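J.: I'd like to ask some things about the structure below.
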Amino acid sequence: QVLLVESGGGLVQAGGSLRLSCAASGRIFSRYAMGWFRQAPGKEREFVAAISWSGESTYYADSVKGRFAISRDNAENTVYLHINSLKPEDTAVYYCAAQQVGDYSRNYYSTQALSYNYWGQGTQVTVSS
């Protein structure tokens, strides 16, 4: 079992920045590919960013490319989402997710929610215009 706890959300003005954190506990974090997803009111959950267990491979949704950055610190069992140039349309609950992968999948990541085994409870990001 892996327990994921997000933090760092809040209310911010458009153009501002936030850093979301996702702390993991349980099994070997370094062998989990990680992803961030978000869900806005009345909308389906959507992929935001993903990172391989090695941290060497990352991928972003087109809507956040160039503004968001995903990173991880395996020694601290934490994955981060750095959010810059926030827009009102970024308002959503942000979730981190973990997928257990093999040692040889150091560059694997997934953009599909169904691929992930574990989810956090989410952290609210609200962007005012």
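Ligands are numbered from 1 in the order shown, residues from 1 within each chain, and chains are lettered A, B, ... in the order they appear in the structure tokens.
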Can you tell me which residues surround Val125 (chain A) at a distance of at most 12 Å, considering only C-alpha atoms, apart from same-chain residues fewer than 4 positions away, and format the answer as JSON, numbers by chain?

T.: {"A": [6, 7, 8, 9, 10, 11, 12, 13, 14, 16, 17, 18, 19, 20, 38, 39, 40, 41, 81, 83, 86, 87, 88, 89, 90, 91, 92, 93, 94, 95]}

J.: Output as JSON, numbers by chain all residues of chain A that backbone DSSP marks as helix (DSSP H, G or I).

T.: {"A": [29, 30, 31, 88, 89, 90, 113, 114, 115]}

J.: Nearest to Leu3 (chain A) among A:Ser110, A:Ser63, A:Asn117, A:Ser105, with distances taken over only C-alpha atoms: which residue is it?

T.: A:Asn117

J.: So that I can check the surroundings of Val79 (chain A), please list as a PyMOL selection string every protein, DNA and RNA residue that reaches within 12 Å of it, counting only C-alpha atoms and ignoring chain neighbours fewer than 6 positions away.

T.: chain A and resi 4-8+19-25+29-30+32-36+49-55+69-73+95-98+120

J.: How would you write, as a short mmCIF file (atom, residue, chain, number, x, y, z; two decimals) with C-alpha atoms, in the first residue's frame, the set of residues in chain A that DSSP gives as strand (DSSP E)?

T.:
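Wrote it out as out_1.cif, contents follow:
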```cif
data_model
loop_
_atom_site.label_atom_id
_atom_site.label_comp_id
_atom_site.auth_asym_id
_atom_site.auth_seq_id
_atom_site.Cartn_x
_atom_site.Cartn_y
_atom_site.Cartn_z
CA VAL A 2 1.07 3.54 -0.72
CA LEU A 3 -0.45 6.51 1.04
CA LEU A 4 -0.30 9.79 -0.86
CA VAL A 5 -0.91 13.16 0.76
CA GLU A 6 -1.03 16.34 -1.32
CA SER A 7 -0.42 19.83 0.02
CA GLY A 10 -4.63 27.57 -2.10
CA LEU A 11 -6.12 30.76 -3.48
CA VAL A 12 -3.85 32.71 -5.78
CA GLN A 13 -4.25 35.53 -8.27
CA LEU A 18 2.30 27.59 -6.41
CA ARG A 19 4.23 24.49 -5.55
CA LEU A 20 2.18 21.41 -4.88
CA SER A 21 3.72 18.55 -2.95
CA CYS A 22 2.73 14.92 -2.75
CA ALA A 23 4.27 12.98 0.12
CA ALA A 24 4.26 9.20 -0.17
CA SER A 25 4.57 6.59 2.49
CA GLY A 26 4.59 2.85 2.35
CA TYR A 32 6.61 4.23 -8.62
CA ALA A 33 5.87 6.29 -11.68
CA MET A 34 3.95 9.36 -10.56
CA GLY A 35 1.35 11.57 -12.11
CA TRP A 36 -0.66 14.69 -11.39
CA PHE A 37 -4.26 15.02 -12.47
CA ARG A 38 -6.87 17.68 -11.86
CA GLN A 39 -10.62 17.93 -11.79
CA GLU A 46 -7.78 15.23 -16.63
CA PHE A 47 -4.11 14.45 -16.90
CA VAL A 48 -1.68 17.23 -16.04
CA ALA A 49 1.85 15.83 -15.79
CA ALA A 50 3.75 12.59 -15.25
CA ILE A 51 7.25 11.56 -14.24
CA THR A 58 8.46 13.73 -17.87
CA TYR A 59 5.37 14.54 -19.90
CA TYR A 60 2.83 17.35 -19.78
CA PHE A 68 4.00 23.56 -15.02
CA ALA A 69 6.99 21.46 -14.01
CA ILE A 70 6.93 18.07 -12.32
CA SER A 71 9.85 16.84 -10.26
CA ARG A 72 10.54 14.26 -7.58
CA ASP A 73 12.86 13.66 -4.68
CA THR A 78 7.94 13.38 -2.52
CA VAL A 79 6.80 14.51 -5.94
CA TYR A 80 6.24 18.16 -6.75
CA LEU A 81 4.23 20.16 -9.22
CA HIS A 82 5.56 23.65 -9.76
CA ILE A 83 2.85 25.83 -11.21
CA ALA A 92 -9.38 22.55 -9.87
CA VAL A 93 -8.68 19.92 -7.28
CA TYR A 94 -5.24 18.54 -8.01
CA TYR A 95 -4.52 14.88 -7.33
CA CYS A 96 -1.29 12.96 -7.34
CA ALA A 97 -1.23 9.31 -8.29
CA ALA A 98 1.26 6.45 -8.13
CA GLN A 99 1.80 3.44 -10.34
CA GLN A 100 4.11 0.61 -9.31
CA TYR A 118 -2.94 4.80 -5.72
CA TRP A 119 -4.42 8.27 -5.39
CA THR A 123 -5.59 19.70 -2.90
CA GLN A 124 -7.67 22.65 -4.06
CA VAL A 125 -6.15 25.28 -6.31
CA THR A 126 -8.27 28.36 -6.94
CA VAL A 127 -7.10 31.09 -9.28
CA SER A 128 -8.81 34.45 -9.16
#
```

J.: Looking at A:Ala61, A:Arg67, A:Tyr116, A:Arg31, which one is nearest to Gly102 (chain A), with distances taken over only C-alpha atoms?

T.: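 The answer is A:Arg31, which sits nearest to Gly102 (chain A).
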
J.: Rank A:Asn77, A:Arg45, A:Tyr104, A:Ser85 by their smallest atom-to-atom distance to Val64 (chain A), using only C-alpha atoms, and report the top residue only.

T.: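 When distances to Val64 (chain A) are compared using only C-alpha atoms, the smallest one comes from A:Ser85.
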
J.: Which residue, A:Ser129, A:Asn74, A:Asn107, A:Gln112, has the smallest gap to Ile28 (chain A) when you use only C-alpha atoms?

T.: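 That would be A:Asn74, the residue with the smallest distance to Ile28 (chain A).
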
J.: Do you have the CA of Asp62 (chain A)-CA of Gly122 (chain A) distance handy?

T.: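 Between CA of Asp62 (chain A) and CA of Gly122 (chain A) the gap is 21.5 Å.
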